[in-house]
>>> print(open('protein-v5.txt').read())   # compact mmCIF, C-alpha atoms
# COMPACT_ATOMS: atom_id res chain seq x y z
CA MET W 24 0.00 0.00 0.00
CA SER W 25 1.39 3.37 -0.93
CA LEU W 26 2.20 6.05 1.62
CA LEU W 27 -0.32 8.31 -0.09
CA ARG W 28 -3.17 5.90 0.58
CA VAL W 29 -2.03 5.46 4.19
CA ALA W 30 -2.00 9.21 4.65
CA VAL W 31 -5.46 9.58 3.11
CA ARG W 32 -6.89 6.87 5.31
CA GLN W 33 -5.44 8.43 8.42
CA LEU W 34 -6.81 11.86 7.49
CA VAL W 35 -10.23 10.85 6.12
CA ALA W 36 -11.14 7.89 8.35
CA PRO W 37 -10.11 8.90 11.90
CA SER W 38 -9.14 6.11 14.25
CA SER W 39 -10.21 5.75 17.83
CA ARG W 40 -7.05 7.56 18.90
CA ALA W 41 -8.02 10.53 16.72
CA LEU W 42 -11.52 10.55 18.24
CA SER W 43 -10.02 10.45 21.68
CA LEU W 44 -7.74 13.34 20.81
CA ARG W 45 -10.70 15.34 19.50
CA SER W 46 -12.63 14.71 22.78
CA SER W 47 -9.62 15.88 24.80
CA LEU W 48 -9.43 19.05 22.75
CA LEU W 49 -13.13 19.79 23.28
CA SER W 50 -12.71 19.25 27.00
CA ALA W 51 -9.71 21.52 27.11
CA ARG W 52 -11.62 24.26 25.27
CA THR W 53 -14.51 23.96 27.75
CA LEU W 54 -12.27 24.18 30.84
CA THR W 55 -9.68 26.70 29.68
CA PRO W 56 -11.03 28.60 26.65
CA PHE W 57 -7.93 30.83 26.35
CA SER W 58 -5.29 28.12 26.71
CA ARG W 59 -3.27 26.88 23.74
CA VAL W 60 -3.17 23.21 22.89
CA SER W 61 -0.10 21.75 21.15
CA VAL W 62 -0.93 18.90 18.77
CA ALA W 63 1.77 16.73 17.21
CA LEU W 64 1.31 16.06 13.48
CA PRO W 65 1.25 12.46 12.32
CA ALA W 66 4.62 11.12 11.26
CA THR W 67 3.18 9.91 7.95
CA ARG W 68 3.00 13.52 6.62
CA ALA W 69 6.79 13.86 6.77
CA SER W 70 7.15 10.61 4.85
CA PHE W 71 4.72 11.87 2.22
CA SER W 72 6.65 15.14 1.65
CA VAL W 73 9.95 13.29 1.23
CA SER W 74 8.37 10.94 -1.30
CA ALA W 75 6.92 13.89 -3.25
CA ARG W 76 10.36 15.52 -3.55
CA ARG W 77 11.84 12.32 -4.86
CA PHE W 78 9.15 11.96 -7.51
CA GLY W 79 9.74 15.58 -8.53
CA GLU W 80 13.24 14.69 -9.76
CA GLY W 81 11.65 13.02 -12.80
CA THR W 82 12.03 9.48 -14.06
CA THR W 83 12.86 10.54 -17.64
CA ASP W 84 15.70 12.95 -16.84
CA GLY W 85 18.36 10.32 -17.39
CA ASP W 86 16.86 9.23 -20.72
CA VAL W 87 16.72 12.80 -22.04
CA SER W 88 20.28 13.52 -20.90
CA ALA W 89 21.59 10.35 -22.55
CA LYS W 90 19.84 11.13 -25.83
CA ILE W 91 21.21 14.66 -25.86
CA SER W 92 24.71 13.29 -25.25
CA GLU W 93 24.31 11.02 -28.29
CA GLU W 94 23.16 13.96 -30.41
CA ILE W 95 26.08 16.12 -29.29
CA ALA W 96 28.54 13.32 -30.10
CA TYR W 97 27.01 12.87 -33.57
CA GLU W 98 27.13 16.59 -34.36
CA LYS W 99 30.75 16.88 -33.22
CA GLU W 100 31.78 13.89 -35.30
CA SER W 101 30.26 15.38 -38.45
CA ALA W 102 31.72 18.84 -37.78
CA VAL W 103 35.11 19.98 -39.01
CA GLU W 104 37.66 20.65 -36.27
CA GLY W 105 38.84 24.22 -36.10
CA GLU W 106 38.01 26.82 -38.73
CA PRO W 107 36.59 25.25 -41.92
CA GLU W 108 38.47 25.72 -45.16
CA PHE W 109 35.77 27.82 -46.85
CA LEU W 110 35.93 30.32 -43.98
CA GLN W 111 39.73 30.46 -44.07
CA GLU W 112 39.66 31.23 -47.78
CA PHE W 113 37.03 33.92 -47.26
CA ASN W 114 39.01 35.63 -44.50
CA LYS W 115 42.20 35.55 -46.57
CA THR W 116 40.67 37.92 -49.11
CA GLY W 117 40.39 40.59 -46.38
CA ILE W 118 37.40 42.17 -48.10
CA TRP W 119 34.59 41.49 -45.66
CA THR W 120 34.66 41.55 -41.86
CA ILE W 121 32.37 39.06 -40.12
CA GLU W 122 30.44 40.11 -37.02
CA ASP W 123 29.06 36.94 -35.43
CA VAL W 124 27.78 37.07 -31.85
CA ALA W 125 27.30 33.68 -30.16
CA GLY W 126 23.66 33.09 -29.30
CA ASN W 127 22.32 35.49 -31.95
CA ASP W 128 20.67 34.21 -35.11
CA GLU W 129 21.84 37.13 -37.27
CA ILE W 130 25.24 37.54 -38.93
CA THR W 131 26.57 40.89 -40.11
CA LEU W 132 29.27 41.46 -42.74
CA HIS W 133 31.01 44.83 -43.20
CA ARG W 134 33.31 46.21 -45.87
CA LYS W 135 34.71 49.49 -47.19
CA PHE W 136 34.48 50.47 -50.85
CA GLY W 137 35.97 53.85 -51.60
CA ASN W 138 34.12 56.33 -49.41
CA GLU W 139 31.26 53.88 -48.88
CA HIS W 140 30.46 51.61 -45.97
CA ILE W 141 28.56 48.47 -46.96
CA ARG W 142 26.72 46.29 -44.46
CA LEU W 143 25.12 42.90 -45.10
CA ILE W 144 22.76 41.22 -42.61
CA PHE W 145 21.33 37.70 -42.94
CA SER W 146 19.83 35.22 -40.48
CA ILE W 147 20.09 31.49 -39.86
CA ALA W 148 16.37 31.52 -39.03
CA ASP W 149 15.74 31.27 -42.79
CA LEU W 150 17.25 27.77 -42.85
CA GLN W 151 14.06 25.74 -43.03
CA ILE W 152 14.42 22.04 -43.78
CA GLU W 153 11.19 20.49 -45.00
CA GLU W 154 11.90 16.82 -44.38
CA ASN W 155 8.36 15.69 -45.21
CA VAL W 156 8.41 17.23 -48.70
CA GLU W 157 9.91 14.91 -51.28
CA PRO W 158 11.91 16.77 -53.96
CA SER W 159 10.81 16.41 -57.56
CA ASP W 160 13.04 15.10 -60.34
CA GLU W 161 13.69 18.67 -61.49
CA ASP W 162 14.92 19.73 -58.04
CA VAL W 163 17.43 16.89 -57.70
CA THR W 164 20.32 16.98 -60.14
CA SER W 165 22.47 14.35 -58.43
CA ALA W 166 22.40 12.03 -55.43
CA ASP W 167 25.07 14.05 -53.66
CA ALA W 168 23.52 17.46 -54.31
CA GLU W 169 23.27 19.66 -51.22
CA PRO W 170 19.87 21.24 -50.53
CA SER W 171 19.73 24.97 -51.15
CA TYR W 172 17.61 27.24 -48.98
CA PRO W 173 16.75 30.84 -49.82
CA LEU W 174 18.24 33.34 -47.37
CA ARG W 175 16.97 36.89 -47.13
CA CYS W 176 19.77 39.44 -47.21
CA SER W 177 19.70 43.14 -46.43
CA PHE W 178 22.43 45.40 -47.85
CA THR W 179 22.90 48.98 -46.68
CA ILE W 180 25.29 51.41 -48.39
CA THR W 181 26.16 54.66 -46.63
CA LYS W 182 28.63 57.51 -47.19
CA PRO W 183 29.96 59.41 -44.15
CA SER W 184 30.11 62.71 -46.00
CA VAL W 185 26.70 62.40 -47.67
CA PRO W 186 23.31 62.12 -45.94
CA GLY W 187 21.03 59.23 -46.76
CA ALA W 188 21.46 55.51 -47.39
CA LEU W 189 20.74 53.04 -50.17
CA SER W 190 19.10 49.84 -48.94
CA ILE W 191 18.92 46.65 -51.04
CA ASP W 192 16.68 43.71 -50.14
CA ALA W 193 17.63 40.48 -51.88
CA VAL W 194 17.27 36.71 -51.68
CA CYS W 195 20.40 34.56 -51.83
CA GLN W 196 20.11 31.07 -53.32
CA GLU W 197 22.23 28.81 -55.51
CA GLY W 198 25.05 31.32 -55.86
CA VAL W 199 22.87 34.24 -56.96
CA PHE W 200 21.49 37.37 -55.30
CA VAL W 201 17.98 38.10 -56.59
CA VAL W 202 17.22 41.75 -55.82
CA GLU W 203 13.66 42.46 -54.67
CA ASN W 204 13.79 46.12 -53.63
CA ALA W 205 16.13 49.09 -53.84
CA SER W 206 15.15 51.75 -51.30
CA PHE W 207 16.60 55.13 -50.43
CA TYR W 208 16.38 56.75 -46.99
CA ASN W 209 17.09 60.42 -46.37
CA ASP W 210 18.27 59.57 -42.84
CA SER W 211 21.15 57.09 -42.79
CA LYS W 212 20.61 56.41 -39.08
CA LEU W 213 17.02 55.40 -39.75
CA ALA W 214 18.19 53.09 -42.53
CA THR W 215 20.80 51.32 -40.40
CA ASP W 216 19.22 51.38 -36.94
CA LEU W 217 17.96 47.94 -35.87
CA THR W 218 15.61 49.08 -33.10
CA ALA W 219 11.87 48.38 -33.12
CA GLU W 220 11.17 52.12 -33.18
CA SER W 221 13.19 52.63 -36.36
CA ASP W 222 11.62 49.58 -37.96
CA TRP W 223 8.19 51.05 -37.25
CA LYS W 224 9.17 54.39 -38.80
CA ARG W 225 10.52 52.70 -41.93
CA ARG W 226 7.18 51.01 -42.54
CA GLY W 227 5.48 54.31 -43.23
CA LEU W 228 7.97 55.45 -45.86
CA TYR W 229 7.91 55.05 -49.61
CA ILE W 230 10.55 52.41 -50.34
CA GLY W 231 10.49 52.55 -54.13
CA PRO W 232 9.06 50.22 -56.75
CA GLN W 233 9.61 46.48 -56.95
CA PHE W 234 12.98 45.85 -58.60
CA GLU W 235 11.47 43.62 -61.29
CA THR W 236 9.17 46.43 -62.41
CA LEU W 237 12.09 48.72 -63.25
CA ASP W 238 13.28 49.13 -66.81
CA VAL W 239 15.42 46.13 -67.76
CA SER W 240 18.41 48.29 -68.65
CA LEU W 241 18.18 49.99 -65.24
CA GLN W 242 18.04 46.61 -63.53
CA GLU W 243 21.18 45.53 -65.38
CA VAL W 244 23.25 48.58 -64.44
CA LEU W 245 22.14 48.34 -60.78
CA GLU W 246 23.18 44.69 -60.71
CA LYS W 247 26.60 45.66 -62.11
CA PHE W 248 26.75 48.40 -59.47
CA LEU W 249 26.34 45.75 -56.75
CA GLN W 250 28.75 43.28 -58.32
CA GLU W 251 31.45 45.93 -58.46
CA ARG W 252 31.11 46.26 -54.68
CA GLY W 253 31.65 42.54 -54.05
CA ILE W 254 27.96 41.59 -53.94
CA ASN W 255 28.57 38.82 -56.42
CA GLU W 256 28.57 35.07 -56.98
CA ASN W 257 31.41 34.40 -54.51
CA LEU W 258 29.54 36.13 -51.70
CA ALA W 259 26.29 34.42 -52.72
CA PHE W 260 27.94 31.01 -52.26
CA PHE W 261 29.56 32.01 -48.96
CA VAL W 262 26.40 33.29 -47.24
CA PRO W 263 24.41 30.00 -47.11
CA GLU W 264 27.55 28.00 -46.31
CA TYR W 265 28.35 30.22 -43.33
CA ALA W 266 24.69 30.18 -42.24
CA GLN W 267 24.76 26.37 -42.04
CA TYR W 268 28.11 26.46 -40.24
CA LYS W 269 26.77 28.88 -37.61
CA GLU W 270 23.47 27.02 -37.24
CA GLN W 271 25.35 23.82 -36.41
CA LYS W 272 27.46 25.62 -33.78
CA GLU W 273 24.40 27.21 -32.18
CA TYR W 274 22.59 23.86 -32.18
CA VAL W 275 25.41 22.08 -30.35
CA ASP W 276 25.61 24.93 -27.85
CA TRP W 277 21.84 24.71 -27.30
CA LEU W 278 22.05 20.96 -26.72
CA SER W 279 24.84 21.44 -24.16
CA LYS W 280 22.89 24.08 -22.25
CA VAL W 281 19.72 21.97 -22.14
CA LYS W 282 21.70 18.93 -20.93
CA SER W 283 23.42 20.95 -18.19
CA PHE W 284 20.05 22.26 -17.03
CA ILE W 285 18.48 18.80 -16.89
CA ASP W 286 21.51 17.28 -15.15
CA ALA W 287 21.62 20.00 -12.47
>>> encode(input="protein-v5.txt", output="structure tokens")
Amino acid sequence: MSLLRVAVRQLVAPSSRALSLRSSLLSARTLTPFSRVSVALPATRASFSVSARRFGEGTTDGDVSAKISEEIAYEKESAVEGEPEFLQEFNKTGIWTIEDVAGNDEITLHRKFGNEHIRLIFSIADLQIEENVEPSDEDVTSADAEPSYPLRCSFTITKPSVPGALSIDAVCQEGVFVVENASFYNDSKLATDLTAESDWKRRGLYIGPQFETLDVSLQEVLEKFLQERGINENLAFFVPEYAQYKEQKEYVDWLSKVKSFIDA
């Protein structure tokens, strides 16, 4: 019989000793109405509280911790030790500076071009793997082909000596930047500020026409304008590769933190 049932029986169905105790209390109240009566609690209540704390530790904690350990080991085995080769090659060029804060899902790249400052922001949150969707024959070119996921990229070009900023919204996929919008802001701070207040202010501004609606010749020269500034095929291949590299690092870090919390 469990301790819980014993405790319930003792509390709900009073024994003769409990009745006797109740009679003594009534007598004490009748004789000395202002006196205090000290009543000892049944020992079974202490046993019940100890048992409840033990159950609160969880019977599945060990299973979860073990599974997470397996996942961490698998991820570390598939990861490249140290800095991957593609990142080494990218850093050797010395063109772009990577700003990657651990725990954040956004990556920022900076570079100088003449008197211009160019900033690129993209996020690993755009890496969406649809495992339940089977690719068609047109989507799969070979058995070893790596899946390609569209990543939204935001470019901002500013000049310290000139007010305003040019903002380019594009989608990066399969080694190509597909420009969606080219906007101009009179206030460069408004264009580059990442606060919620600035984002709200930008929503009420005219951002320009859709890029695809522009004259074809204008689209072509704007694309050459971007390529000249290093917004080209090489960068378009680097962005998704770095996004996957960062996502894997953040995932392993997340697993480690969850395991430490469960094991504590």
>>> atom_distance(input="protein-v5.txt", atom1="atom CA of Leu189 of chain W", atom2="atom CA of Asn209 of chain W")
9.1 Å
>>> closest_residue(input="protein-v5.txt", among="W:Ile254, W:Val239, W:Leu174, W:Cys195", to="Ile141 of chain W", atoms="all atoms listed in the file")
W:Ile254
>>> closest_residue(input="protein-v5.txt", among="W:Leu150, W:Ile180, W:Ile95, W:Ala259", to="Arg134 of chain W", atoms="only C-alpha atoms")
W:Ile180
>>> atom_distance(input="protein-v5.txt", atom1="atom CA of Val124 of chain W", atom2="atom CA of Gln271 of chain W")
14.2 Å
>>> atom_distance(input="protein-v5.txt", atom1="atom CA of Phe200 of chain W", atom2="atom CA of Glu270 of chain W")
20.9 Å
>>> residues_around(input="protein-v5.txt", residues="segment 81-93 of chain W", least_positions_apart="4", cutoff="7 Å", atoms="only C-alpha atoms", output="PDB file with C-alpha atoms, keeping the file's coordinate frame")
ATOM      1  CA  TYR W  97      27.010  12.870 -33.570  1.00  0.00           C
ATOM      2  CA  LEU W 278      22.050  20.960 -26.720  1.00  0.00           C
ATOM      3  CA  LYS W 282      21.700  18.930 -20.930  1.00  0.00           C
ATOM      4  CA  ILE W 285      18.480  18.800 -16.890  1.00  0.00           C
ATOM      5  CA  ASP W 286      21.510  17.280 -15.150  1.00  0.00           C
TER       6      ASP W 286
END
>>> closest_residue(input="protein-v5.txt", among="W:Tyr268, W:Tyr274, W:Phe248, W:Trp223", to="Ile130 of chain W", atoms="all atoms listed in the file")
W:Tyr268
>>> closest_residue(input="protein-v5.txt", among="W:Ala102, W:Leu228, W:Leu258, W:Ala96", to="Asp210 of chain W", atoms="all atoms listed in the file")
W:Leu228
>>> closest_residue(input="protein-v5.txt", among="W:Glu220, W:His140, W:Val201, W:Asn257", to="Ala188 of chain W", atoms="all atoms listed in the file")
W:His140
>>> build_atoms(input="protein-v5.txt", residues="segment 225-236 of chain W", atoms="all heavy atoms", output="PDB file, keeping the file's coordinate frame")
ATOM      1  N   ARG W 225      10.230  53.067 -40.542  1.00  0.00           N
ATOM      2  CA  ARG W 225      10.520  52.700 -41.930  1.00  0.00           C
ATOM      3  C   ARG W 225       9.279  52.186 -42.659  1.00  0.00           C
ATOM      4  O   ARG W 225       9.159  52.314 -43.879  1.00  0.00           O
ATOM      5  CB  ARG W 225      11.637  51.654 -41.985  1.00  0.00           C
ATOM      6  CG  ARG W 225      13.021  52.203 -41.704  1.00  0.00           C
ATOM      7  CD  ARG W 225      14.092  51.201 -42.049  1.00  0.00           C
ATOM      8  NE  ARG W 225      14.069  50.038 -41.178  1.00  0.00           N
ATOM      9  CZ  ARG W 225      14.817  49.903 -40.083  1.00  0.00           C
ATOM     10  NH1 ARG W 225      15.648  50.873 -39.726  1.00  0.00           N
ATOM     11  NH2 ARG W 225      14.763  48.808 -39.345  1.00  0.00           N
ATOM     12  N   ARG W 226       8.373  51.587 -41.906  1.00  0.00           N
ATOM     13  CA  ARG W 226       7.180  51.010 -42.540  1.00  0.00           C
ATOM     14  C   ARG W 226       6.291  52.061 -43.174  1.00  0.00           C
ATOM     15  O   ARG W 226       5.540  51.765 -44.098  1.00  0.00           O
ATOM     16  CB  ARG W 226       6.384  50.209 -41.504  1.00  0.00           C
ATOM     17  CG  ARG W 226       7.123  48.990 -40.978  1.00  0.00           C
ATOM     18  CD  ARG W 226       6.258  48.198 -40.024  1.00  0.00           C
ATOM     19  NE  ARG W 226       6.990  47.074 -39.435  1.00  0.00           N
ATOM     20  CZ  ARG W 226       6.441  46.169 -38.634  1.00  0.00           C
ATOM     21  NH1 ARG W 226       5.161  46.262 -38.309  1.00  0.00           N
ATOM     22  NH2 ARG W 226       7.176  45.184 -38.134  1.00  0.00           N
ATOM     23  N   GLY W 227       6.351  53.263 -42.688  1.00  0.00           N
ATOM     24  CA  GLY W 227       5.480  54.310 -43.230  1.00  0.00           C
ATOM     25  C   GLY W 227       6.089  55.098 -44.364  1.00  0.00           C
ATOM     26  O   GLY W 227       5.481  56.061 -44.840  1.00  0.00           O
ATOM     27  N   LEU W 228       7.277  54.706 -44.807  1.00  0.00           N
ATOM     28  CA  LEU W 228       7.970  55.450 -45.860  1.00  0.00           C
ATOM     29  C   LEU W 228       7.817  54.780 -47.218  1.00  0.00           C
ATOM     30  O   LEU W 228       7.639  53.557 -47.309  1.00  0.00           O
ATOM     31  CB  LEU W 228       9.463  55.576 -45.507  1.00  0.00           C
ATOM     32  CG  LEU W 228       9.797  56.307 -44.201  1.00  0.00           C
ATOM     33  CD1 LEU W 228      11.300  56.287 -43.976  1.00  0.00           C
ATOM     34  CD2 LEU W 228       9.273  57.742 -44.233  1.00  0.00           C
ATOM     35  N   TYR W 229       7.917  55.584 -48.246  1.00  0.00           N
ATOM     36  CA  TYR W 229       7.910  55.050 -49.610  1.00  0.00           C
ATOM     37  C   TYR W 229       9.280  54.408 -49.872  1.00  0.00           C
ATOM     38  O   TYR W 229      10.317  55.079 -49.777  1.00  0.00           O
ATOM     39  CB  TYR W 229       7.648  56.153 -50.620  1.00  0.00           C
ATOM     40  CG  TYR W 229       7.774  55.696 -52.066  1.00  0.00           C
ATOM     41  CD1 TYR W 229       6.817  54.863 -52.631  1.00  0.00           C
ATOM     42  CD2 TYR W 229       8.855  56.101 -52.850  1.00  0.00           C
ATOM     43  CE1 TYR W 229       6.921  54.443 -53.952  1.00  0.00           C
ATOM     44  CE2 TYR W 229       8.969  55.701 -54.172  1.00  0.00           C
ATOM     45  CZ  TYR W 229       7.999  54.860 -54.717  1.00  0.00           C
ATOM     46  OH  TYR W 229       8.110  54.438 -56.019  1.00  0.00           O
ATOM     47  N   ILE W 230       9.289  53.125 -50.196  1.00  0.00           N
ATOM     48  CA  ILE W 230      10.550  52.410 -50.340  1.00  0.00           C
ATOM     49  C   ILE W 230      10.950  52.212 -51.803  1.00  0.00           C
ATOM     50  O   ILE W 230      11.974  51.586 -52.091  1.00  0.00           O
ATOM     51  CB  ILE W 230      10.499  51.038 -49.644  1.00  0.00           C
ATOM     52  CG1 ILE W 230       9.402  50.154 -50.267  1.00  0.00           C
ATOM     53  CG2 ILE W 230      10.269  51.208 -48.151  1.00  0.00           C
ATOM     54  CD1 ILE W 230       9.399  48.729 -49.734  1.00  0.00           C
ATOM     55  N   GLY W 231      10.159  52.715 -52.708  1.00  0.00           N
ATOM     56  CA  GLY W 231      10.490  52.550 -54.130  1.00  0.00           C
ATOM     57  C   GLY W 231       9.736  51.392 -54.746  1.00  0.00           C
ATOM     58  O   GLY W 231       9.128  50.580 -54.053  1.00  0.00           O
ATOM     59  N   PRO W 232       9.798  51.285 -56.051  1.00  0.00           N
ATOM     60  CA  PRO W 232       9.060  50.220 -56.750  1.00  0.00           C
ATOM     61  C   PRO W 232       9.748  48.861 -56.595  1.00  0.00           C
ATOM     62  O   PRO W 232      10.904  48.779 -56.186  1.00  0.00           O
ATOM     63  CB  PRO W 232       9.100  50.684 -58.217  1.00  0.00           C
ATOM     64  CG  PRO W 232      10.377  51.465 -58.307  1.00  0.00           C
ATOM     65  CD  PRO W 232      10.537  52.152 -56.979  1.00  0.00           C
ATOM     66  N   GLN W 233       9.014  47.816 -56.913  1.00  0.00           N
ATOM     67  CA  GLN W 233       9.610  46.480 -56.950  1.00  0.00           C
ATOM     68  C   GLN W 233      10.714  46.469 -58.010  1.00  0.00           C
ATOM     69  O   GLN W 233      10.551  47.045 -59.089  1.00  0.00           O
ATOM     70  CB  GLN W 233       8.549  45.422 -57.284  1.00  0.00           C
ATOM     71  CG  GLN W 233       7.516  45.206 -56.195  1.00  0.00           C
ATOM     72  CD  GLN W 233       8.115  44.502 -54.994  1.00  0.00           C
ATOM     73  OE1 GLN W 233       8.904  43.571 -55.120  1.00  0.00           O
ATOM     74  NE2 GLN W 233       7.741  44.952 -53.797  1.00  0.00           N
ATOM     75  N   PHE W 234      11.821  45.823 -57.701  1.00  0.00           N
ATOM     76  CA  PHE W 234      12.980  45.850 -58.600  1.00  0.00           C
ATOM     77  C   PHE W 234      12.629  45.290 -59.972  1.00  0.00           C
ATOM     78  O   PHE W 234      13.081  45.823 -60.999  1.00  0.00           O
ATOM     79  CB  PHE W 234      14.116  45.045 -57.972  1.00  0.00           C
ATOM     80  CG  PHE W 234      15.411  45.157 -58.713  1.00  0.00           C
ATOM     81  CD1 PHE W 234      16.218  46.280 -58.572  1.00  0.00           C
ATOM     82  CD2 PHE W 234      15.831  44.151 -59.570  1.00  0.00           C
ATOM     83  CE1 PHE W 234      17.414  46.396 -59.267  1.00  0.00           C
ATOM     84  CE2 PHE W 234      17.030  44.254 -60.265  1.00  0.00           C
ATOM     85  CZ  PHE W 234      17.819  45.382 -60.109  1.00  0.00           C
ATOM     86  N   GLU W 235      11.795  44.259 -60.013  1.00  0.00           N
ATOM     87  CA  GLU W 235      11.470  43.620 -61.290  1.00  0.00           C
ATOM     88  C   GLU W 235      10.605  44.494 -62.186  1.00  0.00           C
ATOM     89  O   GLU W 235      10.489  44.235 -63.386  1.00  0.00           O
ATOM     90  CB  GLU W 235      10.771  42.287 -61.035  1.00  0.00           C
ATOM     91  CG  GLU W 235       9.451  42.416 -60.289  1.00  0.00           C
ATOM     92  CD  GLU W 235       8.817  41.073 -60.006  1.00  0.00           C
ATOM     93  OE1 GLU W 235       9.460  40.033 -60.255  1.00  0.00           O
ATOM     94  OE2 GLU W 235       7.665  41.072 -59.534  1.00  0.00           O
ATOM     95  N   THR W 236      10.005  45.529 -61.597  1.00  0.00           N
ATOM     96  CA  THR W 236       9.170  46.430 -62.410  1.00  0.00           C
ATOM     97  C   THR W 236       9.978  47.559 -63.041  1.00  0.00           C
ATOM     98  O   THR W 236       9.446  48.314 -63.857  1.00  0.00           O
ATOM     99  CB  THR W 236       8.038  47.038 -61.556  1.00  0.00           C
ATOM    100  OG1 THR W 236       8.605  47.866 -60.520  1.00  0.00           O
ATOM    101  CG2 THR W 236       7.188  45.946 -60.925  1.00  0.00           C
TER     102      THR W 236
END
